[in-house]
Amino acid sequence: MANAVITQKGREKMCKSHAGDMVLPKIKYIAYGEGGVDEAGTPLPVTGEEVSLRNELLRREVDSHGYPIPTTCEYKSSLGKTELAQKYISEVGLFDEEGDLVMYRTFLKKGKDDDMLFDFSIQEIF
């Protein structure tokens with residue numbers, strides 16, 4: 001079972017933005033990592049206190065975003081054939097343009113061959 005949460009930092013920024021005390025920075029980056037599971041391969045729980053991935057492998061700009069329903073923003077990113085080849089991805093995070101982790105997710109590890117594309121779709125649900 002996957003575990004996902006908007007982080008404490010993300011919630012703090014939304015709160016201040018709703019109050020008019022700051023402008024909410026846009027989500028700009030997605031990071032992929034291999035530290036989202038325990039030794040048995042079970043996804044680790046998330047607390048919302050995370051400020052980084054447990055073992056980040058790659059961070060890049062989000063390719064695109066859209067709104068499948070009015071209260072959900074979907075962020076999309078693709079890994080090219082050679083990106084993270086021979087790695088096992090088990091965690092992703094969304095980072096805002098200030099570099100803060102605002103959403104973190106762990107899941108069963110996914111093996112990445114060197115001749116395949118990986119498409120990721122991450123939904124931020126409000």
# chains A, B, ... in the order shown; residues from 1 in each chain; ligands from 1

call {"tool": "closest_atom_pairs", "arguments": {"of": "region 59-79 of chain A", "to": "region 91-98 of chain A", "cutoff": "10 Å", "atoms": "only C-alpha atoms", "output": "Markdown table"}}
result
| residue | atom | partner | partner_atom | distance |
| --- | --- | --- | --- | --- |
| A:Arg59 | CA | A:Gly93 | CA | 9.0 |
| A:Arg60 | CA | A:Phe95 | CA | 9.7 |
| A:Glu61 | CA | A:Phe95 | CA | 9.2 |
| A:Val62 | CA | A:Leu94 | CA | 8.6 |
| A:Tyr75 | CA | A:Leu94 | CA | 8.8 |

call {"tool": "closest_atom_pairs", "arguments": {"of": "region 45-87 of chain A", "to": "region 24-39 of chain A", "cutoff": "12 Å", "atoms": "only C-alpha atoms", "output": "Markdown table"}}
result
| residue | atom | partner | partner_atom | distance |
| --- | --- | --- | --- | --- |
| A:Pro45 | CA | A:Gly36 | CA | 8.5 |
| A:Val46 | CA | A:Gly36 | CA | 9.2 |
| A:Glu50 | CA | A:Gly36 | CA | 11.9 |
| A:Ser52 | CA | A:Ala31 | CA | 9.2 |
| A:Leu53 | CA | A:Gly33 | CA | 6.5 |
| A:Arg54 | CA | A:Gly35 | CA | 4.9 |
| A:Asn55 | CA | A:Gly35 | CA | 4.7 |
| A:Glu56 | CA | A:Gly33 | CA | 4.1 |
| A:Leu57 | CA | A:Gly33 | CA | 4.9 |
| A:Leu58 | CA | A:Tyr32 | CA | 5.3 |
| A:Arg59 | CA | A:Ala31 | CA | 4.1 |
| A:Arg60 | CA | A:Tyr29 | CA | 5.4 |
| A:Glu61 | CA | A:Tyr29 | CA | 4.3 |
| A:Val62 | CA | A:Tyr29 | CA | 5.2 |
| A:Asp63 | CA | A:Tyr29 | CA | 8.9 |
| A:Ser64 | CA | A:Lys28 | CA | 9.6 |
| A:His65 | CA | A:Ile27 | CA | 9.7 |
| A:Cys73 | CA | A:Ile27 | CA | 10.4 |
| A:Glu74 | CA | A:Ile27 | CA | 11.0 |
| A:Tyr75 | CA | A:Ile30 | CA | 8.7 |
| A:Lys76 | CA | A:Ile30 | CA | 8.9 |
| A:Ser77 | CA | A:Ile30 | CA | 7.6 |
| A:Ser78 | CA | A:Ile30 | CA | 10.2 |
| A:Leu79 | CA | A:Tyr32 | CA | 9.8 |
| A:Glu83 | CA | A:Tyr32 | CA | 10.6 |
| A:Leu84 | CA | A:Tyr32 | CA | 8.9 |
| A:Gln86 | CA | A:Glu34 | CA | 11.4 |
| A:Lys87 | CA | A:Glu34 | CA | 7.6 |

call {"tool": "write_last_selection", "arguments": {"atoms": "C-alpha atoms", "output": "PDB file, in the first residue's frame"}}
result
ATOM      1  CA  PRO A  45       4.901   5.225   6.564  1.00  0.00           C
ATOM      2  CA  VAL A  46       4.987   8.971   6.022  1.00  0.00           C
ATOM      3  CA  GLU A  50       9.684  14.896   5.952  1.00  0.00           C
ATOM      4  CA  SER A  52      13.597  15.460   1.867  1.00  0.00           C
ATOM      5  CA  LEU A  53      13.451  12.043   0.290  1.00  0.00           C
ATOM      6  CA  ARG A  54      15.190   9.308   2.257  1.00  0.00           C
ATOM      7  CA  ASN A  55      17.470   8.474  -0.666  1.00  0.00           C
ATOM      8  CA  GLU A  56      17.019  10.893  -3.572  1.00  0.00           C
ATOM      9  CA  LEU A  57      18.357   9.713  -6.930  1.00  0.00           C
ATOM     10  CA  LEU A  58      17.171  12.411  -9.335  1.00  0.00           C
ATOM     11  CA  ARG A  59      15.366  15.745  -9.217  1.00  0.00           C
ATOM     12  CA  ARG A  60      13.993  17.415 -12.312  1.00  0.00           C
ATOM     13  CA  GLU A  61      11.341  19.908 -13.351  1.00  0.00           C
ATOM     14  CA  VAL A  62       7.742  18.700 -13.600  1.00  0.00           C
ATOM     15  CA  ASP A  63       6.848  18.129 -17.265  1.00  0.00           C
ATOM     16  CA  SER A  64       3.217  19.285 -17.071  1.00  0.00           C
ATOM     17  CA  HIS A  65       0.185  19.621 -14.838  1.00  0.00           C
ATOM     18  CA  CYS A  73      -3.946  19.004  -9.460  1.00  0.00           C
ATOM     19  CA  GLU A  74      -2.125  16.258 -11.359  1.00  0.00           C
ATOM     20  CA  TYR A  75       1.602  16.637 -11.983  1.00  0.00           C
ATOM     21  CA  LYS A  76       3.234  14.573 -14.722  1.00  0.00           C
ATOM     22  CA  SER A  77       6.817  13.585 -15.336  1.00  0.00           C
ATOM     23  CA  SER A  78       8.525  11.036 -17.550  1.00  0.00           C
ATOM     24  CA  LEU A  79      11.850   9.292 -17.101  1.00  0.00           C
ATOM     25  CA  GLU A  83      17.354   7.848 -16.664  1.00  0.00           C
ATOM     26  CA  LEU A  84      17.631   5.823 -13.438  1.00  0.00           C
ATOM     27  CA  GLN A  86      18.732  -0.434 -13.227  1.00  0.00           C
ATOM     28  CA  LYS A  87      17.386   1.424 -10.172  1.00  0.00           C
TER      29      LYS A  87
END

call {"tool": "closest_residue", "arguments": {"among": "A:Ile89, A:Leu44, A:Leu101, A:Ile125", "to": "Lys13 (chain A)", "atoms": "only C-alpha atoms"}}
result
A:Leu101

call {"tool": "atom_distance", "arguments": {"atom1": "CA of Phe120 (chain A)", "atom2": "CA of His18 (chain A)"}}
result
29.0 Å
